[in-house]
Amino acid sequence: MPDPRETTDMSPGMLLAGVGGLGAPVGEHAPITQAAELTAAQAGLAIKARSQFQMALSRFMHHKLALVGLFLFLAILLFSTVGPVFWHYNYAQITSAFGTGPSLAHPFGTDTIGHDMFAQTMTATATSIQTAMVVAALATVFGTLVGAVAGYYGKWADALLMRFVDLTLIVPGLVILLVLANAFSKSANNWLDIALILAALFWTVVARLVRGVFLSLREREFIEAEHAIGASSTRIIVRHLIPNAIGPIIVYATLTVANAILVEAALSFLGLGIQPPHVSLGYLISQAEGDATVLPYLFYFPAAILILIILSVNFLGDGLRDALDPQQRVRA
Amino acid sequence: MGAYILRRLGAGLIVLVIGLFGLYILVSLSGNPLANLLANPRISPATIQAARVELHLNEPLLQRFWTWATGMLHGDFGISTTGQAVGPQIWPRMWVTMQMVIPAVIISIVLGVGLGVWTAVRQYSIWDHVSTFFAYFFFATPVFVIGILLKDFLAVKVDNFFGHPVLYTLGQNNPGTTGAWSIFVDSLAHDVLPVLTLVLITYASWSRYQRASMLDVLNADYVRLAKAKGLSQRRVRYIHALRNAMIPVTTIIALDFATILGGAIITEIVFGWEGMGRYLFEGLVGPVTPDTNVVMSYITVTATLIIVFNIIADVIYGLLDPRIRYA
């Protein structure tokens, strides 16, 4: 059964049309003859040649929601990284205000222990984003490598990958993560552990994606031509196949940031994610649950920030998809 | 078609066996069930040894898997670390979970497909924008945030308004309710919020896929032809277009079923249901961790459900798209 979220069933033309024009892979511009250029210039019709990157950038800059997403995400990033430098409370500091509502001294209020929630939310946001970015980076690099090998060489490498992917499809991903997190998340400095655990599952999706793109591209003429002139497999993969798959990979890496934040929050909520002394948004929300009816702001602020991050990253991902991979407008 | 289903079942069985083997190893290696006993200096080595023998931990891992697997073939899920049989626990708990998941899946399909089609034929109208806004919002909200919002903010207000509990926020039923009608009403009152939670996190992406797919189809040549030959708009939209627009969504729904079961674990914990998700969670985090037979009972039941659900989706896929030949 074809999965529309994969690119296996997509004709190579569909993929290339957005990246390099039909049949013209990245890096191989059709040469414009000088004569044609001259006549066009004389007629005042000269069109400035634009690179792939410039075209994608222009598409992205015209995507309003994506720009909103980008600014929102940068603002939250600034809030969580630069904010704590200037704020007069530390996230671990215990103030003399217990369970107070939002005020000038404590814009997000304080919890029943006396933590300043503004400082806690800033640090938690930074931890959540940092974890998710490490997950996205690891999963993308590893998934691309495995997917490339499986998609290019096929045979047993492909069979091995697909059987492994089958295993991750027959149980909810959360269950595998719960088992892994329960085994490994007891150490003190654990945001990196959690990132590794999440990446251990997320790479399979990237690998599937890259494999699909490679499977459809490797039979095409320009790859055959590369074989004919004696190019090595490494050269074909690195110079031709990965550049053509880079659009979906970047889009997926972006969406992985959002997914990883959501899943980490779920793990923290179940007590198996990031734990004290570190704080993450999921942890703050789970702590607030007990007081939700009495001290609702403890719940509102971290939850709102979490939702805003995911929204902004999703907007950003949609914009990148339209810019880099225009044929794949699934959620547009 | 019958042969095809049989072959799919066969292939599913192979994946299931290999998957259960891999997961059994993973779960067994994820912790030491005797850790609590070993950490307690007041427990004698003899007691620990007795517990080790009782849990078969003195046997090699592969032999433990074999014992478990042959037991499973007889429908025996083994015993938990507390000495209770797992089988009589997991089945009732599965029905508790299904009481939440089945209505949620049905409502999500109706809502997702319905809303997707409705907004596709009204593209860029105010309702389309409102629906897009909510889809993005629910897409970005973790399941436990929705659960807590419904439980601690909505339910409290509704119950205060009526002056007596209308929406229950804890448990799957009130024990001791008698009479078929009372039991039904009681279950319904407990069901509303958890089902709503699952529906909200699920329908959003389905409605987006359905909308995109419906828009694709509405711009197809054969739909233009159907319009051109004078068929009523109703017929064109809901007979000619909708059937084809539902094909890609079927795959998405099938693949998301596993995600819904994952969401049900968290929903059960938020709403205090004694379902199988909670059973898994308790088997994992302890006090004894991991309770391999308990965890594996959840994984076995869930994996079987997911495989069966995917085969059903495949059959529906074939009915929607006769070009697919199940030869």
# chains A, B, ... in the order shown; residues from 1 in each chain; ligands from 1

$ residues_around --residues "segment 113-119 of chain B" --least-positions-apart "4" --cutoff "7 Å" --atoms "only C-alpha atoms" --output "ChimeraX atom specification"
/B:109,123,127-128,206-208,210-211,214

$ closest_atom_pairs --of "chain A" --to "chain B" --cutoff "9 Å" --atoms "only C-alpha atoms" --output "tab-separated table"
residue	atom	partner	partner_atom	distance
A:Met1	CA	B:Asp314	CA	6.9
A:Pro2	CA	B:Thr251	CA	7.4
A:Asp3	CA	B:Thr251	CA	6.2
A:Pro4	CA	B:Pro248	CA	6.5
A:Arg5	CA	B:Ile252	CA	8.1
A:Arg163	CA	B:Val15	CA	7.9
A:Phe164	CA	B:Gly19	CA	8.7
A:Asp166	CA	B:Val15	CA	7.0
A:Leu167	CA	B:Gly19	CA	5.2
A:Thr168	CA	B:Gly19	CA	8.4
A:Leu169	CA	B:Ala258	CA	7.6
A:Ile170	CA	B:Ala303	CA	5.0
A:Val171	CA	B:Ala303	CA	5.3
A:Pro172	CA	B:Ala258	CA	4.8
A:Gly173	CA	B:Gly262	CA	7.2
A:Leu174	CA	B:Gly262	CA	5.7
A:Val175	CA	B:Gly262	CA	6.9
A:Ile176	CA	B:Leu23	CA	8.4
A:Leu178	CA	B:Leu284	CA	7.8
A:Val179	CA	B:Val27	CA	6.4
A:Leu180	CA	B:Ser30	CA	6.8
A:Ala181	CA	B:Ser30	CA	9.0
A:Asn182	CA	B:Val285	CA	6.7
A:Ala183	CA	B:Ser30	CA	4.7
A:Phe184	CA	B:Ser30	CA	7.9
A:Ala258	CA	B:Ala140	CA	8.2
A:Leu262	CA	B:Pro142	CA	6.0
A:Val263	CA	B:Pro142	CA	8.2
A:Ala265	CA	B:Pro142	CA	7.6
A:Ala266	CA	B:Pro142	CA	7.3
A:Phe269	CA	B:Phe144	CA	7.8
A:Leu270	CA	B:Ile266	CA	7.7
A:Leu272	CA	B:Val285	CA	8.7
A:Ile285	CA	B:Val145	CA	7.8
A:Ser286	CA	B:Phe144	CA	8.7
A:Glu289	CA	B:Ile148	CA	7.0
A:Ala292	CA	B:Asp152	CA	6.5
A:Thr293	CA	B:Asp152	CA	5.9
A:Pro296	CA	B:Phe153	CA	8.9
A:Phe299	CA	B:Val145	CA	8.8
A:Ala303	CA	B:Val145	CA	7.0
A:Leu306	CA	B:Thr141	CA	7.8
A:Ile307	CA	B:Ala140	CA	5.4
A:Leu308	CA	B:Ala140	CA	7.8
A:Ile309	CA	B:Ala140	CA	8.3
A:Ile310	CA	B:Ala140	CA	5.2
A:Leu311	CA	B:Ala140	CA	5.6
A:Asn314	CA	B:Ala140	CA	8.0
A:Phe315	CA	B:Tyr136	CA	9.0
A:Arg329	CA	B:Ala212	CA	8.0
A:Val330	CA	B:Ala212	CA	6.2
A:Arg331	CA	B:Arg208	CA	5.7
A:Ala332	CA	B:Ala212	CA	7.3

$ atom_distance --atom1 "atom CA of Gly101 of chain A" --atom2 "atom CA of Ala124 of chain A"
19.4 Å

$ closest_residue --among "A:Phe202, A:Phe79, A:Tyr297, A:Phe73" --to "Tyr252 of chain A" --atoms "only C-alpha atoms"
A:Phe202

$ select_by_dssp --residues "segment 101-181 of chain B" --states "helix (DSSP H, G or I)" --output "VMD selection string"
chain B and resid 101 to 121 126 to 139 143 to 162 180 to 181

$ residues_around --residues "Ala157 of chain A" --least-positions-apart "4" --cutoff "12 Å" --atoms "only C-alpha atoms" --output "ChimeraX atom specification"
/A:145-153,161-164,207,211

$ residues_around --residues "His63 of chain A" --least-positions-apart "4" --cutoff "7 Å" --atoms "only C-alpha atoms" --output "PDB file with C-alpha atoms, in the first residue's frame"
ATOM      1  CA  ARG A  59       9.548  31.324  -2.634  1.00  0.00           C
ATOM      2  CA  LEU A  67       7.973  34.194   7.931  1.00  0.00           C
ATOM      3  CA  GLY A 319       7.159  27.285   4.153  1.00  0.00           C
TER       4      GLY A 319
END

$ residues_around --residues "Asp321 of chain B" --least-positions-apart "4" --cutoff "9 Å" --atoms "only C-alpha atoms" --output "NGL selection string"
:B and (243-244 or 247 or 316-317)

$ write_last_selection --atoms "N, CA and C atoms" --output "tab-separated table (two decimals), in the first residue's frame"
chain	number	residue	atom	x	y	z
B	243	ARG	N	-15.09	9.64	-3.66
B	243	ARG	CA	-14.57	8.28	-3.59
B	243	ARG	C	-13.07	8.25	-3.88
B	244	ASN	N	-12.65	8.98	-4.90
B	244	ASN	CA	-11.22	9.00	-5.22
B	244	ASN	C	-10.43	9.80	-4.20
B	247	ILE	N	-8.99	7.86	-1.16
B	247	ILE	CA	-7.97	6.82	-1.30
B	247	ILE	C	-6.70	7.11	-0.50
B	316	ILE	N	-10.19	-1.97	2.34
B	316	ILE	CA	-11.01	-0.80	2.01
B	316	ILE	C	-10.35	-0.02	0.86
B	317	TYR	N	-9.04	0.07	0.91
B	317	TYR	CA	-8.28	0.73	-0.14
B	317	TYR	C	-8.57	0.09	-1.49

$ residues_around --residues "segment 54-67 of chain B" --least-positions-apart "3" --cutoff "9 Å" --atoms "only C-alpha atoms" --output "PyMOL selection string"
chain B and resi 21+24-25+28-29+33+49-51+70-72+79-81

$ write_last_selection --atoms "C-alpha atoms" --output "compact mmCIF listing (two decimals), in the first residue's frame"
# COMPACT_ATOMS: atom_id res chain seq x y z
CA PHE B 21 11.27 -11.48 19.54
CA TYR B 24 11.14 -9.23 24.17
CA ILE B 25 14.93 -8.97 24.11
CA SER B 28 14.19 -7.92 29.12
CA LEU B 29 17.48 -6.08 28.83
CA PRO B 33 13.40 -6.87 38.02
CA GLN B 49 17.61 -16.63 44.56
CA ALA B 50 14.05 -17.90 45.06
CA ALA B 51 12.66 -14.82 43.31
CA THR B 70 5.29 -21.34 23.61
CA GLY B 71 3.03 -20.15 26.44
CA MET B 72 1.62 -17.47 24.11
CA ILE B 79 2.49 -14.33 35.29
CA SER B 80 3.44 -10.86 36.45
CA THR B 81 6.14 -10.20 39.04

$ residues_around --residues "Thr169 of chain B" --least-positions-apart "2" --cutoff "10 Å" --atoms "only C-alpha atoms" --output "PyMOL selection string"
chain B and resi 147-148+150-152+155-156+165-167+171-172+189-194+270-273

$ closest_residue --among "B:Ala35, B:Leu73, B:Val86, B:Met276" --to "Ala264 of chain B" --atoms "only C-alpha atoms"
B:Met276

$ atom_distance --atom1 "atom CA of Val141 of chain A" --atom2 "atom CA of Ala195 of chain A"
14.1 Å

$ decode --residues "segment 92-105 of chain B" --atoms "N, CA and C atoms" --output "compact mmCIF listing (two decimals), in the first residue's frame"
# COMPACT_ATOMS: atom_id res chain seq x y z
N PRO B 92 -9.70 -7.80 29.83
CA PRO B 92 -10.65 -6.75 30.24
C PRO B 92 -10.08 -5.36 30.04
N ARG B 93 -8.77 -5.21 30.28
CA ARG B 93 -8.16 -3.90 30.10
C ARG B 93 -8.14 -3.47 28.64
N MET B 94 -8.00 -4.46 27.76
CA MET B 94 -8.05 -4.11 26.34
C MET B 94 -9.43 -3.55 25.99
N TRP B 95 -10.50 -4.17 26.56
CA TRP B 95 -11.84 -3.68 26.25
C TRP B 95 -12.04 -2.28 26.82
N VAL B 96 -11.45 -2.01 27.98
CA VAL B 96 -11.54 -0.66 28.55
C VAL B 96 -10.91 0.34 27.59
N THR B 97 -9.71 -0.01 27.09
CA THR B 97 -9.04 0.89 26.15
C THR B 97 -9.84 1.06 24.87
N MET B 98 -10.41 -0.06 24.38
CA MET B 98 -11.19 0.02 23.14
C MET B 98 -12.43 0.88 23.30
N GLN B 99 -12.95 0.92 24.53
CA GLN B 99 -14.12 1.75 24.83
C GLN B 99 -13.78 3.23 24.56
N MET B 100 -12.50 3.55 24.63
CA MET B 100 -12.05 4.90 24.33
C MET B 100 -11.60 5.02 22.87
N VAL B 101 -10.86 4.00 22.39
CA VAL B 101 -10.21 4.13 21.07
C VAL B 101 -11.20 3.97 19.93
N ILE B 102 -12.11 2.97 20.01
CA ILE B 102 -13.01 2.74 18.87
C ILE B 102 -13.90 3.94 18.60
N PRO B 103 -14.61 4.49 19.63
CA PRO B 103 -15.40 5.69 19.33
C PRO B 103 -14.53 6.83 18.80
N ALA B 104 -13.31 6.96 19.34
CA ALA B 104 -12.44 8.06 18.92
C ALA B 104 -12.06 7.91 17.45
N VAL B 105 -11.73 6.67 17.03
CA VAL B 105 -11.35 6.46 15.63
C VAL B 105 -12.54 6.77 14.72
